[in-house]
>>> print(open('data22.cif').read())   # mmCIF, C-alpha atoms, pLDDT in the B column; chains and numbers go by the auth columns
data_model
loop_
_atom_site.group_PDB
_atom_site.id
_atom_site.type_symbol
_atom_site.label_atom_id
_atom_site.label_comp_id
_atom_site.label_asym_id
_atom_site.label_seq_id
_atom_site.Cartn_x
_atom_site.Cartn_y
_atom_site.Cartn_z
_atom_site.B_iso_or_equiv
_atom_site.auth_seq_id
_atom_site.auth_asym_id
ATOM 1 C CA MET A 1 1.823 -8.348 14.442 92.00 160 A
ATOM 2 C CA ILE A 2 2.128 -7.893 10.685 96.00 161 A
ATOM 3 C CA LYS A 3 -0.154 -5.190 9.312 97.00 162 A
ATOM 4 C CA VAL A 4 -2.480 -5.796 6.368 98.00 163 A
ATOM 5 C CA LYS A 5 -3.127 -3.210 3.664 98.00 164 A
ATOM 6 C CA VAL A 6 -5.696 -3.772 0.921 98.00 165 A
ATOM 7 C CA CYS A 7 -5.159 -1.344 -1.915 97.00 166 A
ATOM 8 C CA GLY A 8 -7.239 -0.195 -4.841 97.00 167 A
ATOM 9 C CA LEU A 9 -10.734 -0.007 -3.341 98.00 168 A
ATOM 10 C CA THR A 10 -13.155 1.661 -5.729 98.00 169 A
ATOM 11 C CA ARG A 11 -16.707 0.565 -4.860 98.00 170 A
ATOM 12 C CA GLU A 12 -19.060 0.938 -1.913 98.00 171 A
ATOM 13 C CA CYS A 13 -19.100 -2.831 -1.541 98.00 172 A
ATOM 14 C CA ASP A 14 -15.295 -2.787 -1.253 98.00 173 A
ATOM 15 C CA ILE A 15 -15.697 -0.502 1.751 98.00 174 A
ATOM 16 C CA GLU A 16 -18.341 -2.834 3.175 98.00 175 A
ATOM 17 C CA TYR A 17 -15.898 -5.720 2.810 98.00 176 A
ATOM 18 C CA ALA A 18 -13.212 -3.716 4.617 98.00 177 A
ATOM 19 C CA ASN A 19 -15.595 -2.855 7.442 98.00 178 A
ATOM 20 C CA ILE A 20 -16.186 -6.574 7.969 98.00 179 A
ATOM 21 C CA VAL A 21 -12.670 -8.003 7.597 98.00 180 A
ATOM 22 C CA ARG A 22 -10.895 -5.007 9.215 98.00 181 A
ATOM 23 C CA PRO A 23 -7.526 -4.644 7.483 98.00 182 A
ATOM 24 C CA ASP A 24 -5.187 -2.150 9.158 98.00 183 A
ATOM 25 C CA PHE A 25 -4.990 -0.023 6.011 98.00 184 A
ATOM 26 C CA ILE A 26 -6.936 0.474 2.813 98.00 185 A
ATOM 27 C CA GLY A 27 -5.668 2.318 -0.242 98.00 186 A
ATOM 28 C CA PHE A 28 -7.292 4.720 -2.664 98.00 187 A
ATOM 29 C CA VAL A 29 -5.366 5.054 -5.917 98.00 188 A
ATOM 30 C CA PHE A 30 -5.295 8.548 -7.403 98.00 189 A
ATOM 31 C CA ALA A 31 -2.802 7.821 -10.199 96.00 190 A
ATOM 32 C CA PRO A 32 -4.395 8.694 -13.569 95.00 191 A
ATOM 33 C CA GLN A 33 -2.901 5.668 -15.333 93.00 192 A
ATOM 34 C CA SER A 34 -4.365 3.112 -12.920 93.00 193 A
ATOM 35 C CA ARG A 35 -7.499 1.121 -13.712 94.00 194 A
ATOM 36 C CA ARG A 36 -8.255 1.381 -9.984 96.00 195 A
ATOM 37 C CA ARG A 37 -8.153 5.177 -9.990 97.00 196 A
ATOM 38 C CA VAL A 38 -10.679 7.066 -7.911 98.00 197 A
ATOM 39 C CA MET A 39 -11.374 10.771 -8.135 98.00 198 A
ATOM 40 C CA PRO A 40 -11.088 12.915 -4.993 98.00 199 A
ATOM 41 C CA ASP A 41 -14.872 13.368 -4.650 98.00 200 A
ATOM 42 C CA GLN A 42 -15.410 9.637 -5.073 98.00 201 A
ATOM 43 C CA ALA A 43 -12.762 8.864 -2.454 98.00 202 A
ATOM 44 C CA ALA A 44 -14.286 11.377 -0.052 98.00 203 A
ATOM 45 C CA CYS A 45 -17.677 9.706 -0.400 98.00 204 A
ATOM 46 C CA LEU A 46 -16.222 6.236 0.125 98.00 205 A
ATOM 47 C CA ARG A 47 -14.303 7.465 3.159 98.00 206 A
ATOM 48 C CA THR A 48 -17.536 8.516 4.882 98.00 207 A
ATOM 49 C CA LYS A 49 -18.716 4.905 4.706 98.00 208 A
ATOM 50 C CA LEU A 50 -15.531 3.429 6.196 98.00 209 A
ATOM 51 C CA GLY A 51 -15.584 2.361 9.812 97.00 210 A
ATOM 52 C CA ALA A 52 -13.314 4.004 12.355 97.00 211 A
ATOM 53 C CA GLY A 53 -9.864 2.631 13.025 97.00 212 A
ATOM 54 C CA ILE A 54 -8.827 1.761 9.467 98.00 213 A
ATOM 55 C CA CYS A 55 -6.057 3.992 8.098 98.00 214 A
ATOM 56 C CA VAL A 56 -6.689 5.334 4.585 98.00 215 A
ATOM 57 C CA VAL A 57 -3.651 5.591 2.327 98.00 216 A
ATOM 58 C CA GLY A 58 -3.653 7.702 -0.818 98.00 217 A
ATOM 59 C CA VAL A 59 -1.551 6.265 -3.643 98.00 218 A
ATOM 60 C CA PHE A 60 0.059 8.758 -6.021 98.00 219 A
ATOM 61 C CA VAL A 61 2.425 8.793 -8.991 97.00 220 A
ATOM 62 C CA ASN A 62 4.390 12.034 -9.444 97.00 221 A
ATOM 63 C CA ALA A 63 1.483 14.099 -8.146 98.00 222 A
ATOM 64 C CA PRO A 64 1.717 17.798 -7.236 98.00 223 A
ATOM 65 C CA ILE A 65 2.351 18.073 -3.509 98.00 224 A
ATOM 66 C CA ASP A 66 -0.520 20.547 -3.172 98.00 225 A
ATOM 67 C CA ASP A 67 -2.960 17.882 -4.400 98.00 226 A
ATOM 68 C CA ILE A 68 -1.776 15.435 -1.753 98.00 227 A
ATOM 69 C CA VAL A 69 -1.885 18.010 1.030 98.00 228 A
ATOM 70 C CA ASP A 70 -5.445 18.980 0.071 98.00 229 A
ATOM 71 C CA LEU A 71 -6.602 15.370 0.444 98.00 230 A
ATOM 72 C CA LEU A 72 -4.826 15.039 3.792 98.00 231 A
ATOM 73 C CA ARG A 73 -6.236 18.282 5.168 98.00 232 A
ATOM 74 C CA GLY A 74 -9.676 17.387 3.877 98.00 233 A
ATOM 75 C CA GLY A 75 -9.627 14.162 5.859 98.00 234 A
ATOM 76 C CA VAL A 76 -9.991 12.000 2.761 98.00 235 A
ATOM 77 C CA ILE A 77 -6.704 10.176 3.438 98.00 236 A
ATOM 78 C CA ASP A 78 -4.503 9.640 6.496 98.00 237 A
ATOM 79 C CA ALA A 79 -1.235 8.557 4.883 98.00 238 A
ATOM 80 C CA VAL A 80 0.586 8.842 1.556 98.00 239 A
ATOM 81 C CA GLN A 81 2.077 6.219 -0.741 98.00 240 A
ATOM 82 C CA LEU A 82 4.349 7.337 -3.571 98.00 241 A
ATOM 83 C CA HIS A 83 4.812 5.129 -6.627 94.00 242 A
ATOM 84 C CA GLY A 84 6.588 7.387 -9.092 94.00 243 A
ATOM 85 C CA ARG A 85 9.942 9.115 -9.430 95.00 244 A
ATOM 86 C CA GLU A 86 9.567 11.055 -6.172 98.00 245 A
ATOM 87 C CA ASN A 87 13.021 11.615 -4.663 97.00 246 A
ATOM 88 C CA ASP A 88 14.093 12.547 -1.136 97.00 247 A
ATOM 89 C CA ASP A 89 13.736 16.262 -1.891 98.00 248 A
ATOM 90 C CA TYR A 90 10.100 15.658 -2.831 98.00 249 A
ATOM 91 C CA ILE A 91 9.545 13.522 0.265 98.00 250 A
ATOM 92 C CA GLU A 92 11.099 16.148 2.535 98.00 251 A
ATOM 93 C CA ALA A 93 8.984 18.881 0.947 98.00 252 A
ATOM 94 C CA LEU A 94 5.855 16.828 1.520 98.00 253 A
ATOM 95 C CA ALA A 95 6.879 15.926 5.073 98.00 254 A
ATOM 96 C CA SER A 96 7.399 19.607 5.875 98.00 255 A
ATOM 97 C CA ARG A 97 3.688 20.174 5.254 97.00 256 A
ATOM 98 C CA THR A 98 2.181 17.178 7.033 97.00 257 A
ATOM 99 C CA ASN A 99 2.781 14.758 9.869 96.00 258 A
ATOM 100 C CA ALA A 100 1.132 11.961 7.917 98.00 259 A
ATOM 101 C CA PRO A 101 3.144 8.777 7.368 98.00 260 A
ATOM 102 C CA ILE A 102 4.801 8.569 3.960 98.00 261 A
ATOM 103 C CA ILE A 103 5.382 5.272 2.162 98.00 262 A
ATOM 104 C CA LYS A 104 7.727 5.156 -0.837 98.00 263 A
ATOM 105 C CA ALA A 105 7.517 2.274 -3.284 96.00 264 A
ATOM 106 C CA PHE A 106 10.618 0.691 -4.776 95.00 265 A
ATOM 107 C CA LYS A 107 10.708 -1.617 -7.764 94.00 266 A
ATOM 108 C CA VAL A 108 13.006 -4.424 -6.666 94.00 267 A
ATOM 109 C CA THR A 109 15.117 -6.092 -9.331 91.00 268 A
ATOM 110 C CA GLU A 110 18.581 -6.067 -7.743 92.00 269 A
ATOM 111 C CA ARG A 111 20.363 -5.500 -4.438 93.00 270 A
ATOM 112 C CA SER A 112 20.909 -1.790 -5.087 95.00 271 A
ATOM 113 C CA ASP A 113 17.128 -1.278 -4.997 95.00 272 A
ATOM 114 C CA ILE A 114 17.117 -2.536 -1.406 96.00 273 A
ATOM 115 C CA GLU A 115 19.966 -0.179 -0.589 96.00 274 A
ATOM 116 C CA SER A 116 17.875 2.700 -1.934 97.00 275 A
ATOM 117 C CA ALA A 117 14.921 1.554 0.156 97.00 276 A
ATOM 118 C CA GLN A 118 17.151 1.457 3.222 97.00 277 A
ATOM 119 C CA ARG A 119 18.160 5.113 2.696 97.00 278 A
ATOM 120 C CA THR A 120 14.779 6.628 1.812 98.00 279 A
ATOM 121 C CA ARG A 121 13.557 9.580 3.876 97.00 280 A
ATOM 122 C CA ALA A 122 10.048 8.145 3.783 98.00 281 A
ATOM 123 C CA ASN A 123 8.668 6.581 6.945 98.00 282 A
ATOM 124 C CA TYR A 124 8.316 3.220 5.254 98.00 283 A
ATOM 125 C CA PRO A 125 9.680 1.754 2.044 98.00 284 A
ATOM 126 C CA LEU A 126 7.374 -0.514 0.083 97.00 285 A
ATOM 127 C CA LEU A 127 8.992 -3.284 -1.929 96.00 286 A
ATOM 128 C CA ASP A 128 7.202 -4.200 -5.129 92.00 287 A
ATOM 129 C CA ASN A 129 7.776 -5.851 -8.461 85.00 288 A
ATOM 130 C CA GLY A 130 6.708 -2.823 -10.470 63.00 289 A
ATOM 131 C CA GLU A 131 4.587 0.287 -10.283 51.00 290 A
ATOM 132 C CA GLY A 132 1.830 -1.461 -8.386 52.00 291 A
ATOM 133 C CA GLY A 133 -0.942 -3.942 -9.080 50.00 292 A
ATOM 134 C CA THR A 134 1.174 -6.118 -11.362 56.00 293 A
ATOM 135 C CA GLY A 135 0.254 -9.344 -9.596 60.00 294 A
ATOM 136 C CA ARG A 136 3.837 -10.612 -9.780 69.00 295 A
ATOM 137 C CA SER A 137 6.362 -11.087 -6.992 82.00 296 A
ATOM 138 C CA PHE A 138 10.065 -10.242 -6.999 87.00 297 A
ATOM 139 C CA ASP A 139 12.990 -12.299 -5.708 89.00 298 A
ATOM 140 C CA TRP A 140 12.321 -12.192 -1.972 90.00 299 A
ATOM 141 C CA THR A 141 15.918 -13.071 -1.123 91.00 300 A
ATOM 142 C CA LEU A 142 16.838 -9.541 -2.195 92.00 301 A
ATOM 143 C CA ALA A 143 14.738 -8.104 0.646 93.00 302 A
ATOM 144 C CA GLU A 144 16.366 -10.073 3.442 91.00 303 A
ATOM 145 C CA PRO A 145 19.078 -7.459 4.263 91.00 304 A
ATOM 146 C CA LEU A 146 16.595 -4.577 4.664 95.00 305 A
ATOM 147 C CA ALA A 147 16.969 -3.439 8.272 95.00 306 A
ATOM 148 C CA ARG A 148 13.919 -1.245 8.780 97.00 307 A
ATOM 149 C CA ASN A 149 10.151 -1.570 8.871 98.00 308 A
ATOM 150 C CA TYR A 150 8.723 -1.952 5.369 98.00 309 A
ATOM 151 C CA PHE A 151 5.669 -3.043 3.419 98.00 310 A
ATOM 152 C CA LEU A 152 5.917 -6.061 1.135 96.00 311 A
ATOM 153 C CA ALA A 153 3.887 -6.057 -2.079 94.00 312 A
ATOM 154 C CA GLY A 154 3.883 -7.747 -5.444 89.00 313 A
ATOM 155 C CA GLY A 155 2.293 -11.072 -6.246 89.00 314 A
ATOM 156 C CA LEU A 156 0.949 -11.768 -2.760 93.00 315 A
ATOM 157 C CA THR A 157 -2.137 -13.986 -2.589 93.00 316 A
ATOM 158 C CA PRO A 158 -4.028 -15.838 0.134 94.00 317 A
ATOM 159 C CA ASP A 159 -1.986 -18.902 -0.848 94.00 318 A
ATOM 160 C CA ASN A 160 1.512 -17.439 -0.443 94.00 319 A
ATOM 161 C CA VAL A 161 1.092 -14.635 2.077 95.00 320 A
ATOM 162 C CA LEU A 162 2.086 -16.810 5.034 95.00 321 A
ATOM 163 C CA VAL A 163 5.204 -17.992 3.219 94.00 322 A
ATOM 164 C CA ALA A 164 6.194 -14.356 2.735 93.00 323 A
ATOM 165 C CA ALA A 165 5.348 -13.492 6.325 92.00 324 A
ATOM 166 C CA ALA A 166 7.378 -16.341 7.756 93.00 325 A
ATOM 167 C CA ARG A 167 10.363 -15.682 5.528 92.00 326 A
ATOM 168 C CA LEU A 168 10.619 -11.891 5.684 94.00 327 A
ATOM 169 C CA HIS A 169 8.563 -10.704 8.682 95.00 328 A
ATOM 170 C CA PRO A 170 7.712 -7.349 7.072 96.00 329 A
ATOM 171 C CA TYR A 171 6.015 -4.566 8.992 98.00 330 A
ATOM 172 C CA GLY A 172 3.076 -4.896 6.627 97.00 331 A
ATOM 173 C CA ILE A 173 1.830 -6.679 3.535 96.00 332 A
ATOM 174 C CA ASP A 174 0.130 -4.795 0.723 96.00 333 A
ATOM 175 C CA MET A 175 -2.281 -6.542 -1.603 95.00 334 A
ATOM 176 C CA SER A 176 -4.381 -5.459 -4.542 93.00 335 A
ATOM 177 C CA SER A 177 -4.779 -7.874 -7.446 92.00 336 A
ATOM 178 C CA GLY A 178 -4.095 -10.787 -5.077 93.00 337 A
ATOM 179 C CA VAL A 179 -7.454 -10.202 -3.405 96.00 338 A
ATOM 180 C CA GLU A 180 -9.383 -9.700 -6.634 96.00 339 A
ATOM 181 C CA THR A 181 -11.402 -11.916 -8.944 96.00 340 A
ATOM 182 C CA ASP A 182 -12.003 -10.730 -12.497 95.00 341 A
ATOM 183 C CA GLY A 183 -10.473 -7.353 -11.656 93.00 342 A
ATOM 184 C CA VAL A 184 -12.614 -6.465 -8.630 96.00 343 A
ATOM 185 C CA LYS A 185 -12.158 -6.997 -4.917 98.00 344 A
ATOM 186 C CA ASP A 186 -13.198 -10.428 -3.677 98.00 345 A
ATOM 187 C CA PHE A 187 -14.613 -10.573 -0.148 98.00 346 A
ATOM 188 C CA ASP A 188 -13.550 -14.174 0.475 98.00 347 A
ATOM 189 C CA LYS A 189 -9.962 -13.461 -0.555 98.00 348 A
ATOM 190 C CA MET A 190 -9.788 -10.319 1.561 98.00 349 A
ATOM 191 C CA LYS A 191 -11.160 -12.229 4.529 98.00 350 A
ATOM 192 C CA ALA A 192 -8.746 -15.119 4.034 97.00 351 A
ATOM 193 C CA VAL A 193 -5.697 -12.854 3.894 97.00 352 A
ATOM 194 C CA VAL A 194 -6.609 -10.851 6.993 97.00 353 A
ATOM 195 C CA GLU A 195 -7.447 -13.972 8.986 96.00 354 A
ATOM 196 C CA ARG A 196 -4.294 -15.816 7.971 96.00 355 A
ATOM 197 C CA VAL A 197 -1.980 -12.922 8.729 96.00 356 A
ATOM 198 C CA ARG A 198 -3.663 -12.197 12.072 94.00 357 A
ATOM 199 C CA ASN A 199 -3.479 -15.865 13.068 93.00 358 A
ATOM 200 C CA PHE A 200 0.180 -15.894 12.077 90.00 359 A
ATOM 201 C CA GLY A 201 0.680 -13.197 14.696 64.00 360 A
#
>>> encode(input="data22.cif", output="structure tokens")
Amino acid sequence: MIKVKVCGLTRECDIEYANIVRPDFIGFVFAPQSRRRVMPDQAACLRTKLGAGICVVGVFVNAPIDDIVDLLRGGVIDAVQLHGRENDDYIEALASRTNAPIIKAFKVTERSDIESAQRTRANYPLLDNGEGGTGRSFDWTLAEPLARNYFLAGGLTPDNVLVAAARLHPYGIDMSSGVETDGVKDFDKMKAVVERVRNFG
């Protein structure tokens, strides 16, 4: 079954939505340049309101490893998603300090980007159109040769998520702006995506 990740939750009502629709993963964005950024204390508070069984992913861009480890050890996040220039040395250094799953995002514009995703030391590559939350998809034909479990992101919406699922069969789909209206999470869109992917099987 394809996993569903809803990224960029910032409000208590976003957590309430997640508790109802039950995605497999939610994401807190800690990158300073993101409009969806949450501070560690804010994320910790939101985490206390999240129901059991939903994995919390922290999204980072070129963050100090110590900052990530602190959030993992503090129980604020369960997994890590890297969206910057983090290389395999960085990933190995982080992995040496935690057993948490590590996701590494790749901006996909050509076949060589898929080759890089294939080789990453992270547990899962994430294929995206940009640095996250762009709302645009990439050429999905480029992803077809990827022979490992990966997350698909970029331009996914309730209207096209089943097309992507049927074509690529990713391990998981990752959505942010595609389940928003006017820049904030939309309960009906979140619900529609989770239901459609679960029914797809």
>>> residues_around(input="data22.cif", residues="Arg357 of chain A", least_positions_apart="6", cutoff="9 Å", atoms="all atoms listed in the file", output="ChimeraX atom specification")
/A:160-163
>>> write_last_selection(input="data22.cif", atoms="C-alpha atoms", output="PDB file, keeping the file's coordinate frame")
ATOM      1  CA  MET A 160       1.823  -8.348  14.442  1.00 92.00           C
ATOM      2  CA  ILE A 161       2.128  -7.893  10.685  1.00 96.00           C
ATOM      3  CA  LYS A 162      -0.154  -5.190   9.312  1.00 97.00           C
ATOM      4  CA  VAL A 163      -2.480  -5.796   6.368  1.00 98.00           C
TER       5      VAL A 163
END
>>> closest_residue(input="data22.cif", among="A:Gln240, A:Asn358, A:Thr316, A:Ser335", to="Pro260 of chain A", atoms="only C-alpha atoms")
A:Gln240
>>> resolve_selection(input="data22.cif", expression="the PyMOL selection byres ((chain A and resi 334) around 10)", output="number ranges by chain")
A: 163-167, 185-186, 291-292, 294, 311-317, 320, 331-333, 335-339, 349, 352
>>> atom_distance(input="data22.cif", atom1="atom CA of Leu253 of chain A", atom2="atom CA of Asp226 of chain A")
10.7 Å
>>> atom_distance(input="data22.cif", atom1="atom CA of Ile213 of chain A", atom2="atom CA of Pro191 of chain A")
24.5 Å
>>> resolve_selection(input="data22.cif", expression="the PyMOL selection byres ((chain A and resi 298-303) around 8)", output="list in words")
Val267, Thr268, Glu269, Arg270, Ile273, Leu286, Ser296, Phe297, Pro304, Leu305 and Leu327 of chain A
>>> resolve_selection(input="data22.cif", expression="the PyMOL selection byres ((chain A and resi 246) around 12)", output="list of chain:residue names")
A:Val220, A:Asn221, A:Leu241, A:His242, A:Gly243, A:Arg244, A:Glu245, A:Asp247, A:Asp248, A:Tyr249, A:Ile250, A:Glu251, A:Ala252, A:Leu253, A:Lys263, A:Ala264, A:Phe265, A:Ser275, A:Ala276, A:Arg278, A:Thr279, A:Arg280, A:Ala281
>>> atom_distance(input="data22.cif", atom1="atom CA of Asp183 of chain A", atom2="atom CA of Leu168 of chain A")
13.8 Å
